[in-house]
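All remarks here apply to the structure that follows.
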Amino acid sequence: MPFEWFVAMRYLREGRAQTALVLGGTTMGVAVLVFLTALISGLQRSLVAQTLSSQAHILVKAPERVARPLALEAGLAADRVQRTPDRIRSVEQWQQVLEAVARMPGVVAATPTAAGSAFASRGEASKPVAVRGVDDETFARVIEIGPKIRAGRFRLDGTSAVIGSVLADDLGIAVGDKLRLATPEGRGDTFVVEGIFDLGNRDVNQRWVLVPLRSAQAILDLPGGATTIEVRVADVFAAERIARQIERDHGLGADSWMKLNEQLLVALRSQSASSYLIQALVVVAVALGIASVLGVSVIQKSREIGILRATGTSTRRIQRIFLLEGAVVGAAGSVFGGLVGTSFAVAFANLAKSPTGEPVFPVDLTPGLFLAAFAIAIATGTLAAWFPASRAARLDPAEVIRYG
Amino acid sequence: MAEASPVLELRGVTKDFGAGEARAKVLQGVDFTLRRGEFAALVGPSGSGKSTLLNIMGLLDRPTTGRVLVCGEDTAKLGDEALTRYRGRAIGFVFQFHHLLPEFTALENVMLPMAADRGRLDDSMRECGAVLLDLVGLRPKLHARATELSGGQAQRVAIARSLAMNPRVVLADEPTGNLDTQTSDEVFAMLRDVNRRQGVTFLVVTHDSRLAARCDRIIDLVDGRVVSDRPNRPLP
């Protein structure tokens with residue numbers, strides 16, 4: 001058994017009260033770290049998932065038109081420059097763009113959409129809606145609609161349509177009923193409702209009418225066109241970078257969900273920042289706790305350290321004894337703290353549940369979190385022990401043996 | 001008969017503390033040599049520099065001027081870490097208070113210098129420690145905690161610990177100063193016994209003239225100078 005390990009373990013074992021104190025502090029610190037991280041990360045994941053449940057990660061669209069002033073005679077200045085009202089425009093050569101985007105690294109799926117406004121009516125009732133012509137197969141890969149179908153099924157062919165649950169209620173529509181879509185320009189068609197979805201967003205459930213791409217192209221007077229290409233990426237937080245890449249590669253407009261939900265992102269970042277600050281303060285408190293207890297221990301053991309030095313123990317070995325004590329306290333604290341933090345997190349997640357049985361406060365307890373807590377605790381323990389360990393190594397053996 | 005080889009030599013050793021007006025010259029040119037197998041007493045009044053000299057001889061402190069040679073090697077050339085290692089191997093200490101580590105058993109206390117030197121504990125150290133404790137008559141107390149031993153027993157463990165690295169010289173600072181007369185006699189007899197049987201050199205610092213009279217040589221230190229260094233025919 002290594003000498004330093006033998007002495008450090010014995011000191012920890014024999015100094016029961018001090019060890020229990022410092023271990024308790026480290027355990028609670030790690031527990032707070034694990035609990036807070038699990039909670040914040042779970043909440044953020046849930047918020048992002050909720051936001052993205054009815055939204056593609058990236059929307060690729062035709063580039064914005066830029067309004068320029070007319071050529072004016074010399075000496076005259078334009079009073080204002082105003083863009084002309086824009087009609088729905090298709091992404092040029094969207095099939096090639098779709099193929100290229102779908103092959104980009106980090107992209108999971110891409111689907112074309114022809115979207116525009118219309119009125120949905122049944123009998124006397126009429127509601128303004130967003131018509132979205134999609135290819136059902138690729139659309140389901142971009143937005144996970146399958147599990148969110150409340151009635152019927154998600155299949156679009158011929159004149160079938162899938163509508164939101166609120167719209168279905170508003171118009172009194174059930175699966176199999178007919179629905180008429182008409183644009184303000186007077187084009188329109190009648191569809192049979194094949195399915196009713198609930199995407200967890202009231203506005204979407206009230207406004208969206210999903211129809212086959214061809215049907216939407218016909219209604220919206222967009223022959224063979226697609227107004228957007230909707231993209232799903234593997235890492236949701238890489239969406240902005242990939243969107244910029246698409247813009248550069250294809251000269252098109254590309255909006256990531258991060259840009260479209262900037263406020264949410266700012267809120268998430270602020271939440272993360274405050275959580276990191278709390279965690280950093282906890283780590284500092286734990287470090288101070290370990291440093292002060294080991295510092296007291298060094299003072300109490302001054303004479304013993306002097307004896308060890310007199311009998312041939314090098315300063316480096318003395319230093320390692322106390323560094324090891326710090327590291328062991330950190331490691332043990334991380335194990336106990338991990339267990340306590342997990343218990344807190346699980347208890348918290350079970351406190352309140354939604355009607356579907358999902359926790360209102362979801363928690364993310366991942367192996368990565370425990371590994372990180374373990375590494376942080378050991379590093380904190382070792383660093384915190386550095387000062388007392390150096391102090392122990394600097395003790396003058398002749399002096400401490402004589403005066404203590 | 002040839003003279004025994006020198007184990008520890010002091011050549012013109014001085015030690016000053018403080019600076020300027022406050023400078024105190026604690027040792028003022030100490031010269032003497034301890035030879036293999038000697039059992040010497042270092043005597044002198046309080047404040048004569050005995051402890052300072054012992055620290056310098058034990059390589060716990062360095063002289064201001066002068067040289068300390070252990071088995072002919074000048075220790076001034078050694079860096080701090082090398083000096084520590086050398087101290088551990090060449091010199092054994094016995095203090096007035098036993099200074100055993102209370103968290104460890106008698107056997108472990110004896111093993112610690114060996115483990116510190118080699119960086120690990122192994123079974124050979126256990127055997128060696130047990131033999132040394134046997135030598136001081138403490139075989140039955142092998143696994144007793146330091147705190148469970150009487151003063152005399154603890155001091156005997158300290159003697160066993162001082163012998164753990166098979167040192168050239170053992171420096172004993174008032175080794176019986178904290179013991180009653182009977183225990184003091186027993187411990188002193190044990191030191192003499194180890195000296196005779198193992199051939200280990202001993203330098204014993206003592207105030208007790210009765211004990212000094214039982215040593216082979218008496219070095220008298222007054223005001224940081226050796227005022228007398230004479231052989232002594234020990235009392236039986």
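In the structure tokens, chains take letters A, B, ... by order of appearance, with residues numbered from 1 within each chain and ligands from 1 in the order shown.
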At most 8 Å is the cut-off: for each residue in chain A with any atom that close to an atom of chain B, write down the nearest atom pair and the distance in Å rounded to one decimal, counting only C-alpha atoms, chain first then increasing number, as CSV.
residue,atom,partner,partner_atom,distance
A:Met1,CA,B:Leu121,CA,5.3
A:Pro2,CA,B:Arg120,CA,4.0
A:Phe3,CA,B:Arg120,CA,4.4
A:Glu4,CA,B:Gly119,CA,7.5
A:Arg10,CA,B:Glu103,CA,6.7
A:Tyr11,CA,B:Glu103,CA,6.9
A:Glu14,CA,B:Glu103,CA,6.2
A:Arg303,CA,B:His99,CA,7.8
A:Glu304,CA,B:Leu101,CA,6.1
A:Ile307,CA,B:His99,CA,7.1
A:Leu308,CA,B:Pro113,CA,7.5
A:Arg309,CA,B:Thr84,CA,7.2
A:Ala310,CA,B:Leu60,CA,6.8
A:Thr311,CA,B:Gly88,CA,4.9
A:Gly312,CA,B:Gly88,CA,3.6
A:Thr313,CA,B:Ala116,CA,5.1
A:Ser314,CA,B:Thr84,CA,6.0
A:Thr315,CA,B:Glu81,CA,7.3
A:Arg317,CA,B:Ala116,CA,7.8
A:Pro397,CA,B:Leu60,CA,6.7
A:Ala398,CA,B:Leu60,CA,5.8
Find the spatial neighbours of Leu8 in chain B, counting only C-alpha atoms, within a cut-off of 7 Å - ignore same-chain residues fewer than 6 positions away - and output them as JSON, numbers by chain. {"B": [33, 34, 35, 69, 70, 71]}
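Separating CA of Ser390 in chain A from CA of Phe322 in chain A is a distance of 8.7 Å.
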Going by DSSP on the backbone, which bits of range 8-91 of chain B are helix (DSSP H, G or I)? Write them as a VMD selection string, please. chain B and resid 20 to 22 50 to 57 75 to 77 80 to 90
Write the residues you've just listed into a file as a tab-separated table (two decimals), in the first residue's frame, and include N, CA and C atoms for each of them.
chain	number	residue	atom	x	y	z
B	20	GLY	N	21.67	41.49	13.19
B	20	GLY	CA	22.04	42.80	13.72
B	20	GLY	C	22.25	42.76	15.22
B	21	GLU	N	21.67	43.74	15.90
B	21	GLU	CA	21.82	43.85	17.35
B	21	GLU	C	21.25	42.65	18.08
B	22	ALA	N	20.17	42.09	17.45
B	22	ALA	CA	19.47	40.98	18.11
B	22	ALA	C	20.11	39.63	17.81
B	50	LYS	N	22.29	22.88	23.68
B	50	LYS	CA	22.24	21.43	23.47
B	50	LYS	C	21.22	21.06	22.38
B	51	SER	N	20.00	21.63	22.50
B	51	SER	CA	18.94	21.27	21.53
B	51	SER	C	19.30	21.75	20.13
B	52	THR	N	19.88	22.96	20.05
B	52	THR	CA	20.29	23.48	18.74
B	52	THR	C	21.34	22.56	18.13
B	53	LEU	N	22.27	22.16	18.98
B	53	LEU	CA	23.33	21.27	18.49
B	53	LEU	C	22.74	19.93	18.03
B	54	LEU	N	21.79	19.44	18.82
B	54	LEU	CA	21.16	18.16	18.47
B	54	LEU	C	20.43	18.27	17.12
B	55	ASN	N	19.72	19.40	16.91
B	55	ASN	CA	19.03	19.61	15.63
B	55	ASN	C	20.01	19.62	14.46
B	56	ILE	N	21.16	20.25	14.69
B	56	ILE	CA	22.16	20.31	13.61
B	56	ILE	C	22.77	18.94	13.37
B	57	MET	N	23.07	18.22	14.47
B	57	MET	CA	23.62	16.87	14.32
B	57	MET	C	22.61	15.94	13.65
B	75	THR	N	27.41	16.93	4.74
B	75	THR	CA	25.97	17.09	4.50
B	75	THR	C	25.60	18.46	3.93
B	76	ALA	N	26.57	19.39	3.91
B	76	ALA	CA	26.29	20.72	3.36
B	76	ALA	C	25.98	20.64	1.88
B	77	LYS	N	26.48	19.58	1.21
B	77	LYS	CA	26.30	19.44	-0.24
B	77	LYS	C	24.90	18.95	-0.58
B	80	ASP	N	17.62	19.90	0.26
B	80	ASP	CA	16.67	19.62	1.34
B	80	ASP	C	16.08	18.21	1.27
B	81	GLU	N	15.66	17.81	0.06
B	81	GLU	CA	15.02	16.49	-0.08
B	81	GLU	C	16.03	15.38	0.19
B	82	ALA	N	17.25	15.56	-0.34
B	82	ALA	CA	18.30	14.55	-0.15
B	82	ALA	C	18.67	14.48	1.33
B	83	LEU	N	18.68	15.65	1.98
B	83	LEU	CA	19.02	15.70	3.41
B	83	LEU	C	17.97	14.94	4.22
B	84	THR	N	16.70	15.12	3.84
B	84	THR	CA	15.61	14.41	4.54
B	84	THR	C	15.78	12.90	4.39
B	85	ARG	N	16.07	12.48	3.14
B	85	ARG	CA	16.23	11.05	2.89
B	85	ARG	C	17.43	10.52	3.69
B	86	TYR	N	18.51	11.28	3.68
B	86	TYR	CA	19.74	10.89	4.36
B	86	TYR	C	19.49	10.80	5.87
B	87	ARG	N	18.76	11.80	6.38
B	87	ARG	CA	18.42	11.83	7.81
B	87	ARG	C	17.64	10.57	8.19
B	88	GLY	N	16.63	10.25	7.35
B	88	GLY	CA	15.80	9.08	7.62
B	88	GLY	C	16.61	7.81	7.68
B	89	ARG	N	17.64	7.73	6.83
B	89	ARG	CA	18.41	6.48	6.75
B	89	ARG	C	19.54	6.41	7.77
B	90	ALA	N	20.15	7.57	8.08
B	90	ALA	CA	21.37	7.53	8.89
B	90	ALA	C	21.17	7.85	10.36
Considering only C-alpha atoms, state which residue in the set A:Leu222, A:Ala17, A:Val7, A:Leu383 is at the smallest distance from Ile321 in chain A.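 Closest residue, counting only C-alpha atoms: A:Val7.
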Quick one: residues within 9 Å of Ile378 in chain A, only C-alpha atoms counted, chain neighbours fewer than 5 positions away excluded, as a PyMOL selection string? chain A and resi 326-334+373+383
Given the selection you just returned, output its residues as a file containing N, CA and C atoms, formatted as a PDB file, in the first residue's frame.
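Result file is part19.pdb:
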ATOM      1  N   GLY A 326      -7.826  15.586   0.635  1.00  0.00           N
ATOM      2  CA  GLY A 326      -8.765  16.461  -0.080  1.00  0.00           C
ATOM      3  C   GLY A 326      -9.447  15.722  -1.224  1.00  0.00           C
ATOM      4  N   ALA A 327      -8.654  14.982  -1.997  1.00  0.00           N
ATOM      5  CA  ALA A 327      -9.207  14.275  -3.156  1.00  0.00           C
ATOM      6  C   ALA A 327     -10.186  13.191  -2.714  1.00  0.00           C
ATOM      7  N   VAL A 328      -9.832  12.485  -1.629  1.00  0.00           N
ATOM      8  CA  VAL A 328     -10.710  11.406  -1.148  1.00  0.00           C
ATOM      9  C   VAL A 328     -12.023  11.994  -0.621  1.00  0.00           C
ATOM     10  N   VAL A 329     -11.913  13.098   0.106  1.00  0.00           N
ATOM     11  CA  VAL A 329     -13.133  13.759   0.600  1.00  0.00           C
ATOM     12  C   VAL A 329     -13.996  14.179  -0.594  1.00  0.00           C
ATOM     13  N   GLY A 330     -13.360  14.730  -1.625  1.00  0.00           N
ATOM     14  CA  GLY A 330     -14.094  15.134  -2.828  1.00  0.00           C
ATOM     15  C   GLY A 330     -14.758  13.943  -3.496  1.00  0.00           C
ATOM     16  N   ALA A 331     -14.009  12.845  -3.633  1.00  0.00           N
ATOM     17  CA  ALA A 331     -14.548  11.666  -4.317  1.00  0.00           C
ATOM     18  C   ALA A 331     -15.711  11.073  -3.520  1.00  0.00           C
ATOM     19  N   ALA A 332     -15.499  10.906  -2.216  1.00  0.00           N
ATOM     20  CA  ALA A 332     -16.566  10.322  -1.388  1.00  0.00           C
ATOM     21  C   ALA A 332     -17.774  11.261  -1.355  1.00  0.00           C
ATOM     22  N   GLY A 333     -17.495  12.565  -1.240  1.00  0.00           N
ATOM     23  CA  GLY A 333     -18.574  13.559  -1.237  1.00  0.00           C
ATOM     24  C   GLY A 333     -19.365  13.520  -2.525  1.00  0.00           C
ATOM     25  N   SER A 334     -18.688  13.274  -3.644  1.00  0.00           N
ATOM     26  CA  SER A 334     -19.392  13.250  -4.931  1.00  0.00           C
ATOM     27  C   SER A 334     -20.302  12.024  -5.019  1.00  0.00           C
ATOM     28  N   ALA A 373     -19.844  15.912 -11.950  1.00  0.00           N
ATOM     29  CA  ALA A 373     -19.874  16.202 -10.503  1.00  0.00           C
ATOM     30  C   ALA A 373     -18.692  15.529  -9.811  1.00  0.00           C
ATOM     31  N   LEU A 383      -7.670  20.843  -4.982  1.00  0.00           N
ATOM     32  CA  LEU A 383      -7.218  22.244  -5.000  1.00  0.00           C
ATOM     33  C   LEU A 383      -7.377  22.900  -3.629  1.00  0.00           C
TER      34      LEU A 383
END
Nearby residues (only C-alpha atoms) at most 6 Å from range 96-111 of chain A, same-chain spacing under 6 positions excluded, as a VMD selection string: chain A and resid 138 to 139 142 229 to 234
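The closest residue to Leu281 in chain A, picked from A:Leu33, A:Val360, A:Ile40, A:Gly295 and counting only C-alpha atoms, is A:Leu33.
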Shell around range 127-136 of chain B at 9 Å using only C-alpha atoms, local window under 6 positions removed, as an NGL selection string: :B and (106-111 or 142 or 153 or 156-157 or 159-161 or 163-164 or 187 or 190 or 194)
File dump, residues just selected, C-alpha atoms, as an mmCIF file, in the first residue's frame:
data_model
loop_
_atom_site.group_PDB
_atom_site.id
_atom_site.type_symbol
_atom_site.label_atom_id
_atom_site.label_comp_id
_atom_site.auth_asym_id
_atom_site.auth_seq_id
_atom_site.Cartn_x
_atom_site.Cartn_y
_atom_site.Cartn_z
ATOM 1 C CA ALA B 106 2.936 0.434 18.044
ATOM 2 C CA LEU B 107 3.909 -1.719 15.066
ATOM 3 C CA GLU B 108 2.754 0.886 12.528
ATOM 4 C CA ASN B 109 4.683 3.624 14.320
ATOM 5 C CA VAL B 110 7.828 1.542 13.962
ATOM 6 C CA MET B 111 7.054 0.790 10.303
ATOM 7 C CA LEU B 142 2.362 -4.993 18.692
ATOM 8 C CA GLN B 153 6.119 1.464 26.879
ATOM 9 C CA ARG B 156 10.341 1.918 24.188
ATOM 10 C CA VAL B 157 8.280 1.978 20.995
ATOM 11 C CA ILE B 159 13.354 3.593 20.661
ATOM 12 C CA ALA B 160 12.282 0.754 18.345
ATOM 13 C CA ARG B 161 11.146 3.384 15.803
ATOM 14 C CA LEU B 163 16.193 1.858 15.078
ATOM 15 C CA ALA B 164 13.828 1.064 12.189
ATOM 16 C CA VAL B 187 14.630 2.621 29.395
ATOM 17 C CA MET B 190 17.560 -0.743 27.152
ATOM 18 C CA VAL B 194 20.864 -1.901 22.090
#
Could you give me, as a ChimeraX atom specification, each residue of range 139-272 of chain A that DSSP assigns to strand (DSSP E or B) when run on this structure's backbone? /A:149-152,160-164,178-182,188-197,208-212,228-233,253-256
One decimal, in Å: what's the spacing between CA of Leu10 in chain B and CA of Gly47 in chain B?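 CA of Leu10 in chain B sits 19.6 Å away from CA of Gly47 in chain B.
Neighbours of Leu265 in chain A closer than or equal to 12 Å, with only C-alpha atoms counted and sequence neighbours fewer than 4 positions away skipped, come out as Gln44, Arg45, Leu47, Val48, Thr51, Val236, Phe237, Glu240, Ser256, Trp257, Met258, Lys259, Leu260, Asn261, Arg269, Ser270, Gln271 and Ser272 of chain A.
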Preceding selection exported with C-alpha atoms as an mmCIF file, in the first residue's frame:
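Output file selection23.cif is given in full below:
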data_model
loop_
_atom_site.group_PDB
_atom_site.id
_atom_site.type_symbol
_atom_site.label_atom_id
_atom_site.label_comp_id
_atom_site.auth_asym_id
_atom_site.auth_seq_id
_atom_site.Cartn_x
_atom_site.Cartn_y
_atom_site.Cartn_z
ATOM 1 C CA GLN A 44 -34.682 23.741 -20.427
ATOM 2 C CA ARG A 45 -34.890 20.525 -22.414
ATOM 3 C CA LEU A 47 -39.067 24.061 -22.769
ATOM 4 C CA VAL A 48 -37.078 23.622 -25.971
ATOM 5 C CA THR A 51 -41.195 25.031 -28.428
ATOM 6 C CA VAL A 236 -30.962 21.800 -31.784
ATOM 7 C CA PHE A 237 -28.404 24.345 -30.575
ATOM 8 C CA GLU A 240 -28.327 28.800 -36.078
ATOM 9 C CA SER A 256 -33.339 28.999 -37.168
ATOM 10 C CA TRP A 257 -35.701 28.375 -34.268
ATOM 11 C CA MET A 258 -33.128 30.151 -32.133
ATOM 12 C CA LYS A 259 -33.577 33.350 -34.137
ATOM 13 C CA LEU A 260 -37.338 33.025 -34.170
ATOM 14 C CA ASN A 261 -37.414 32.448 -30.399
ATOM 15 C CA ARG A 269 -29.130 31.700 -21.194
ATOM 16 C CA SER A 270 -29.942 33.912 -18.211
ATOM 17 C CA GLN A 271 -31.283 30.903 -16.355
ATOM 18 C CA SER A 272 -28.121 28.926 -17.160
#
From the set A:Arg150, A:Arg141, A:His57, A:Arg180, which residue has the shortest atom-to-atom contact distance to Gly123 in chain A, counting only C-alpha atoms? A:Arg180
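Shell of Arg153 in chain A at 7 Å, with only C-alpha atoms counted and residues fewer than 2 places along the chain excluded, is Ile149, Ala151, Arg155, Glu194 and Gly195 of chain A.
Reported to one decimal place, the separation of CA of Lys61 in chain A from CA of Asp221 in chain A is 17.1 Å.
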